[in-house]
>>> print(open('query.cif').read())   # mmCIF, C-alpha atoms
data_final
#
loop_
_atom_site.label_atom_id
_atom_site.label_comp_id
_atom_site.auth_asym_id
_atom_site.auth_seq_id
_atom_site.Cartn_x
_atom_site.Cartn_y
_atom_site.Cartn_z
CA MET J 961 128.56 -16.28 16.39
CA ASN J 962 130.63 -17.14 13.34
CA ARG J 963 132.86 -14.15 12.72
CA ASN J 964 134.78 -13.60 9.53
CA PRO J 965 138.55 -14.05 10.03
CA ILE J 966 140.58 -10.86 10.35
CA ASP J 967 141.89 -11.00 6.77
CA LYS J 968 138.29 -10.80 5.50
CA ARG J 969 137.56 -7.71 7.59
CA ILE J 970 140.53 -5.50 6.73
CA LEU J 971 139.34 -2.19 5.30
CA TYR J 972 142.79 -0.63 4.82
CA GLU J 973 146.39 -1.66 5.42
CA ASP J 974 149.85 -0.27 4.67
CA ASN J 975 153.19 -0.18 6.50
CA HIS J 976 151.87 2.25 9.10
CA LEU J 977 148.16 1.55 9.66
CA ILE J 978 145.62 -1.22 9.63
CA VAL J 979 141.87 -0.57 9.80
CA VAL J 980 139.59 -3.48 10.70
CA ASN J 981 135.81 -3.87 10.62
CA LYS J 982 134.79 -4.81 14.18
CA TRP J 983 131.96 -7.22 14.91
CA PRO J 984 129.34 -6.30 17.53
CA GLY J 985 130.29 -8.06 20.75
CA GLU J 986 134.05 -7.82 20.19
CA ILE J 987 136.18 -5.80 22.58
CA VAL J 988 138.93 -3.64 21.09
CA GLN J 989 141.29 -3.93 24.08
CA GLY J 990 141.51 -6.49 26.87
CA ASP J 991 139.21 -6.08 29.86
CA LYS J 992 138.13 -7.96 33.00
CA THR J 993 136.06 -10.44 30.95
CA GLY J 994 139.22 -12.15 29.72
CA ASP J 995 137.80 -12.40 26.18
CA GLU J 996 140.31 -12.12 23.36
CA PRO J 997 140.30 -8.51 22.15
CA LEU J 998 140.36 -7.47 18.53
CA SER J 999 143.84 -5.98 19.05
CA GLU J 1000 145.27 -9.42 19.92
CA ALA J 1001 143.57 -11.05 16.94
CA VAL J 1002 145.08 -8.40 14.66
CA LYS J 1003 148.53 -8.99 16.19
CA LYS J 1004 148.24 -12.71 15.46
CA TYR J 1005 147.21 -11.93 11.88
CA LEU J 1006 150.23 -9.64 11.36
CA LYS J 1007 152.65 -12.11 12.96
CA GLU J 1008 151.45 -14.92 10.71
CA LYS J 1009 151.13 -12.90 7.50
CA TYR J 1010 154.57 -11.30 7.71
CA ASN J 1011 156.28 -14.17 9.59
CA LYS J 1012 157.40 -11.77 12.31
CA PRO J 1013 159.62 -13.08 15.13
CA GLY J 1014 158.91 -11.99 18.70
CA ASN J 1015 156.22 -9.53 19.73
CA VAL J 1016 154.30 -7.54 17.14
CA PHE J 1017 153.80 -3.82 17.75
CA LEU J 1018 150.20 -2.67 17.46
CA GLY J 1019 148.95 0.62 18.87
CA VAL J 1020 145.30 1.07 19.82
CA THR J 1021 144.31 4.61 18.85
CA HIS J 1022 140.60 4.59 19.71
CA ARG J 1023 137.88 2.20 20.81
CA LEU J 1024 134.27 1.33 20.05
CA ASP J 1025 131.77 0.17 22.65
CA ARG J 1026 131.53 -3.62 22.83
CA PRO J 1027 128.03 -3.83 21.23
CA THR J 1028 128.97 -1.34 18.48
CA SER J 1029 130.44 -2.45 15.13
CA GLY J 1030 132.51 -0.78 12.44
CA ALA J 1031 135.88 0.69 11.51
CA VAL J 1032 138.72 0.70 14.07
CA ILE J 1033 142.18 2.15 13.33
CA PHE J 1034 145.32 0.49 14.69
CA ALA J 1035 148.88 1.81 14.33
CA LYS J 1036 151.61 -0.56 13.14
CA THR J 1037 154.46 1.78 14.12
CA SER J 1038 155.15 4.03 17.12
CA LYS J 1039 155.46 7.03 14.79
CA ALA J 1040 152.01 6.43 13.35
CA LEU J 1041 150.55 5.88 16.85
CA GLU J 1042 151.94 9.15 18.17
CA ARG J 1043 150.64 11.11 15.18
CA LEU J 1044 147.21 9.42 15.18
CA ASN J 1045 146.78 10.15 18.88
CA LYS J 1046 147.54 13.82 18.21
CA MET J 1047 145.09 13.86 15.28
CA LEU J 1048 142.36 12.36 17.48
CA ARG J 1049 142.97 14.92 20.23
CA GLU J 1050 142.73 17.71 17.68
CA HIS J 1051 139.60 16.22 16.01
CA GLN J 1052 141.38 15.78 12.67
CA ILE J 1053 139.80 12.38 12.04
CA LYS J 1054 136.25 12.74 10.75
CA LYS J 1055 133.91 9.95 11.87
CA LYS J 1056 130.44 9.10 10.60
CA TYR J 1057 128.19 6.52 12.22
CA TRP J 1058 125.05 4.74 11.10
CA ALA J 1059 122.35 4.08 13.68
CA VAL J 1060 118.98 2.38 13.34
CA ILE J 1061 116.77 4.06 15.92
CA GLU J 1062 113.30 3.39 17.29
CA GLY J 1063 110.71 5.75 15.84
CA ILE J 1064 111.08 8.54 13.28
CA PRO J 1065 112.98 11.61 14.52
CA GLN J 1066 111.51 15.07 14.18
CA PRO J 1067 113.11 17.09 12.79
CA THR J 1068 114.69 14.62 10.40
CA GLU J 1069 118.00 16.56 10.62
CA ASN J 1070 119.26 18.19 13.78
CA ARG J 1071 122.20 19.27 15.92
CA LEU J 1072 122.11 17.87 19.45
CA GLU J 1073 123.88 19.56 22.36
CA HIS J 1074 123.78 17.96 25.80
CA TYR J 1075 125.98 17.55 28.87
CA LEU J 1076 127.03 14.01 29.71
CA LYS J 1077 128.23 12.47 32.94
CA LYS J 1078 129.56 8.91 33.15
CA ASN J 1079 128.76 6.67 36.11
CA PRO J 1080 131.70 4.23 36.39
CA LYS J 1081 129.74 1.87 38.65
CA THR J 1082 126.91 1.30 36.17
CA ASN J 1083 128.97 2.04 33.02
CA LYS J 1084 126.15 4.29 31.90
CA THR J 1085 125.97 7.95 30.91
CA THR J 1086 123.46 10.43 32.29
CA VAL J 1087 122.30 13.19 29.94
CA PHE J 1088 121.62 16.75 31.06
CA ILE J 1089 120.00 19.44 28.96
CA ARG J 1090 121.97 22.20 30.73
CA PRO J 1091 125.48 22.35 32.21
CA ALA J 1092 125.79 20.23 35.36
CA GLN J 1093 128.55 19.49 37.83
CA GLY J 1094 130.94 16.88 36.44
CA ALA J 1095 129.16 16.74 33.07
CA LYS J 1096 130.97 17.38 29.77
CA GLN J 1097 129.52 19.10 26.71
CA ALA J 1098 128.53 16.70 23.92
CA LEU J 1099 127.77 17.71 20.34
CA LEU J 1100 126.58 15.70 17.36
CA THR J 1101 124.57 16.23 14.20
CA TYR J 1102 122.37 13.66 12.52
CA LYS J 1103 120.36 13.33 9.35
CA THR J 1104 117.73 10.72 8.50
CA ILE J 1105 118.65 8.77 5.38
CA LYS J 1106 115.93 6.12 5.41
CA LYS J 1107 112.56 5.77 7.16
CA GLY J 1108 110.60 2.58 7.82
CA GLU J 1109 107.34 2.11 9.69
CA LYS J 1110 108.88 1.70 13.15
CA TYR J 1111 112.54 2.54 12.64
CA ALA J 1112 114.76 5.08 10.93
CA LEU J 1113 118.32 4.90 9.67
CA VAL J 1114 120.27 8.02 10.65
CA GLU J 1115 123.79 9.13 9.81
CA VAL J 1116 125.58 10.73 12.74
CA ASP J 1117 128.55 13.12 12.70
CA LEU J 1118 130.36 13.19 16.05
CA HIS J 1119 131.83 16.53 17.09
CA THR J 1120 132.94 15.39 20.55
CA GLY J 1121 133.91 11.94 21.79
CA ARG J 1122 132.12 11.26 25.06
CA HIS J 1123 131.32 7.96 26.77
CA HIS J 1124 128.29 6.33 25.06
CA GLN J 1125 127.62 9.70 23.43
CA ILE J 1126 125.54 8.67 20.42
CA ARG J 1127 123.59 6.08 22.38
CA ALA J 1128 122.80 8.44 25.26
CA GLN J 1129 121.99 11.53 23.19
CA LEU J 1130 119.68 9.74 20.75
CA ALA J 1131 117.91 8.00 23.63
CA LYS J 1132 117.41 11.40 25.31
CA THR J 1133 115.43 12.52 22.24
CA GLY J 1134 113.15 9.47 22.62
CA HIS J 1135 114.83 7.43 19.89
CA PRO J 1136 117.15 4.79 21.41
CA VAL J 1137 119.37 2.73 19.14
CA LYS J 1138 117.69 -0.55 18.16
CA GLY J 1139 118.81 -3.33 20.52
CA ASP J 1140 120.28 -0.96 23.11
CA LEU J 1141 118.47 -2.10 26.27
CA LYS J 1142 120.82 -0.04 28.46
CA TYR J 1143 119.38 3.16 26.99
CA GLY J 1144 115.74 2.15 26.70
CA ALA J 1145 115.36 0.05 23.54
CA LYS J 1146 112.30 -2.22 23.59
CA ARG J 1147 114.12 -5.47 22.85
CA SER J 1148 117.61 -6.88 22.33
CA LEU J 1149 119.16 -8.30 19.17
CA LYS J 1150 120.01 -11.99 18.82
CA ASN J 1151 123.75 -11.31 18.49
CA GLY J 1152 123.86 -9.16 21.63
CA GLY J 1153 124.94 -6.11 19.67
CA ILE J 1154 123.18 -2.85 18.92
CA MET J 1155 122.49 -1.21 15.57
CA LEU J 1156 125.20 1.41 15.88
CA HIS J 1157 127.97 1.14 13.30
CA ALA J 1158 131.15 3.17 12.72
CA ARG J 1159 130.49 3.62 9.03
CA GLN J 1160 133.13 6.03 7.71
CA LEU J 1161 136.55 7.48 8.57
CA GLU J 1162 138.17 10.40 6.73
CA PHE J 1163 141.63 11.69 7.57
CA VAL J 1164 145.00 12.72 6.17
CA HIS J 1165 147.45 9.82 6.46
CA PRO J 1166 149.75 10.56 9.43
CA VAL J 1167 152.90 9.59 7.51
CA LYS J 1168 152.14 9.68 3.77
CA LYS J 1169 150.00 12.86 4.05
CA THR J 1170 147.54 11.47 1.49
CA GLN J 1171 143.76 11.59 1.94
CA VAL J 1172 142.26 8.38 3.35
CA ASN J 1173 138.52 7.62 3.12
CA ILE J 1174 137.32 4.33 4.59
CA ILE J 1175 133.82 2.84 4.35
CA ALA J 1176 132.87 -0.10 6.60
CA PRO J 1177 129.96 -2.27 5.41
CA PRO J 1178 127.69 -3.63 8.18
CA LEU J 1179 128.60 -7.24 9.00
CA THR J 1180 125.40 -8.70 10.49
CA ASP J 1181 122.05 -9.64 9.00
CA ASP J 1182 120.26 -7.24 11.35
CA TRP J 1183 121.01 -4.51 8.84
CA LYS J 1184 118.99 -6.30 6.14
CA MET J 1185 115.69 -5.22 7.66
CA ILE J 1186 113.03 -5.12 4.96
CA GLU J 1187 112.32 -1.40 5.20
CA LEU J 1188 116.03 -0.57 4.91
CA MET J 1189 117.14 -3.16 2.37
CA ASP J 1190 116.69 -0.97 -0.70
CA TYR J 1191 119.09 1.56 0.81
CA ILE J 1192 121.74 -0.72 2.28
#
>>> encode(input="query.cif", output="structure tokens")
Amino acid sequence: MNRNPIDKRILYEDNHLIVVNKWPGEIVQGDKTGDEPLSEAVKKYLKEKYNKPGNVFLGVTHRLDRPTSGAVIFAKTSKALERLNKMLREHQIKKKYWAVIEGIPQPTENRLEHYLKKNPKTNKTTVFIRPAQGAKQALLTYKTIKKGEKYALVEVDLHTGRHHQIRAQLAKTGHPVKGDLKYGAKRSLKNGGIMLHARQLEFVHPVKKTQVNIIAPPLTDDWKMIELMDYI
């Protein structure tokens, strides 16, 4: 897949933060695959742009699943990293996601509460309707913003940050994310991703204390589906 270079995917940058639009299929941090993570690509960009000698500091504050795309925040200073981590723990960073799901959800707006348990061996999350041993409460709200014949575009507000939360909870309602074979989608996408996208971030800047609002446009042609084109 031809991915835009990092400088074409920067959504926000100052002395403290850099926010990058992640492609589906990219990993945020290194893993056992040995593939170059987004964090290393961003380090190379910073080293070259600012002609920095030695190692470049870059703090990873949060991650997106490999098949998911969208906005990822990195810290350029240790002060910003420490403060961003605290903000994330205290749910002070508001995140909105877009998901194209199979079928049309009823009701078109809803609050979902489940209990999720991760299986490390399968890297999959099991969803329970009621509290269960080892399962953590998961909350999200969604609203439908566009309906096609077979798919719907929903906007999701995350209220907790569990493993595969959006993917697992939507699938539990009978509406898996398009392309997400792991959670029951009918077929995969050509690029190996899924149609789940970290669309928006809202937070108070950890150092400047100004309001930051970031919108990440979808990067792949999958989002130009005919029934959604007039919205996106």
>>> resolve_selection(input="query.cif", expression="the PyMOL selection byres ((chain J and resi 1141) around 12)", output="list in words")
Pro1027, Glu1062, Lys1084, Arg1127, Ala1128, Ala1131, Pro1136, Val1137, Lys1138, Gly1139, Asp1140, Lys1142, Tyr1143, Gly1144, Ala1145, Lys1146, Arg1147, Ser1148, Leu1149, Gly1152, Gly1153, Ile1154 and Met1155 of chain J
>>> closest_residue(input="query.cif", among="J:Val1164, J:Leu1072, J:Ile970, J:Ala1098", to="Phe1034 of chain J", atoms="all atoms listed in the file")
J:Ile970
>>> atom_distance(input="query.cif", atom1="atom CA of Ile1174 of chain J", atom2="atom CA of Tyr1057 of chain J")
12.1 Å
>>> resolve_selection(input="query.cif", expression="the PyMOL selection byres ((chain J and resi 1160) around 7)", output="list in words")
Lys1055, Lys1056, Tyr1057, Ala1158, Arg1159, Leu1161, Glu1162, Ile1174, Ile1175 and Ala1176 of chain J
>>> write_last_selection(input="query.cif", atoms="C-alpha atoms", output="PDB file, in the coordinates of the input")
ATOM      1  CA  LYS J1055     133.910   9.950  11.870  1.00  0.00           C
ATOM      2  CA  LYS J1056     130.440   9.100  10.600  1.00  0.00           C
ATOM      3  CA  TYR J1057     128.190   6.520  12.220  1.00  0.00           C
ATOM      4  CA  ALA J1158     131.150   3.170  12.720  1.00  0.00           C
ATOM      5  CA  ARG J1159     130.490   3.620   9.030  1.00  0.00           C
ATOM      6  CA  LEU J1161     136.550   7.480   8.570  1.00  0.00           C
ATOM      7  CA  GLU J1162     138.170  10.400   6.730  1.00  0.00           C
ATOM      8  CA  ILE J1174     137.320   4.330   4.590  1.00  0.00           C
ATOM      9  CA  ILE J1175     133.820   2.840   4.350  1.00  0.00           C
ATOM     10  CA  ALA J1176     132.870  -0.100   6.600  1.00  0.00           C
TER      11      ALA J1176
END
>>> resolve_selection(input="query.cif", expression="the PyMOL selection byres ((chain J and resi 1167-1173) around 12)", output="PyMOL selection string")
chain J and resi 971-979+1031+1033+1035-1044+1047+1052-1056+1159-1166+1174-1176
>>> write_last_selection(input="query.cif", atoms="C-alpha atoms", output="short mmCIF file (atom, residue, chain, number, x, y, z; two decimals), in the coordinates of the input")
data_model
loop_
_atom_site.label_atom_id
_atom_site.label_comp_id
_atom_site.auth_asym_id
_atom_site.auth_seq_id
_atom_site.Cartn_x
_atom_site.Cartn_y
_atom_site.Cartn_z
CA LEU J 971 139.34 -2.19 5.30
CA TYR J 972 142.79 -0.63 4.82
CA GLU J 973 146.39 -1.66 5.42
CA ASP J 974 149.85 -0.27 4.67
CA ASN J 975 153.19 -0.18 6.50
CA HIS J 976 151.87 2.25 9.10
CA LEU J 977 148.16 1.55 9.66
CA ILE J 978 145.62 -1.22 9.63
CA VAL J 979 141.87 -0.57 9.80
CA ALA J 1031 135.88 0.69 11.51
CA ILE J 1033 142.18 2.15 13.33
CA ALA J 1035 148.88 1.81 14.33
CA LYS J 1036 151.61 -0.56 13.14
CA THR J 1037 154.46 1.78 14.12
CA SER J 1038 155.15 4.03 17.12
CA LYS J 1039 155.46 7.03 14.79
CA ALA J 1040 152.01 6.43 13.35
CA LEU J 1041 150.55 5.88 16.85
CA GLU J 1042 151.94 9.15 18.17
CA ARG J 1043 150.64 11.11 15.18
CA LEU J 1044 147.21 9.42 15.18
CA MET J 1047 145.09 13.86 15.28
CA GLN J 1052 141.38 15.78 12.67
CA ILE J 1053 139.80 12.38 12.04
CA LYS J 1054 136.25 12.74 10.75
CA LYS J 1055 133.91 9.95 11.87
CA LYS J 1056 130.44 9.10 10.60
CA ARG J 1159 130.49 3.62 9.03
CA GLN J 1160 133.13 6.03 7.71
CA LEU J 1161 136.55 7.48 8.57
CA GLU J 1162 138.17 10.40 6.73
CA PHE J 1163 141.63 11.69 7.57
CA VAL J 1164 145.00 12.72 6.17
CA HIS J 1165 147.45 9.82 6.46
CA PRO J 1166 149.75 10.56 9.43
CA ILE J 1174 137.32 4.33 4.59
CA ILE J 1175 133.82 2.84 4.35
CA ALA J 1176 132.87 -0.10 6.60
#
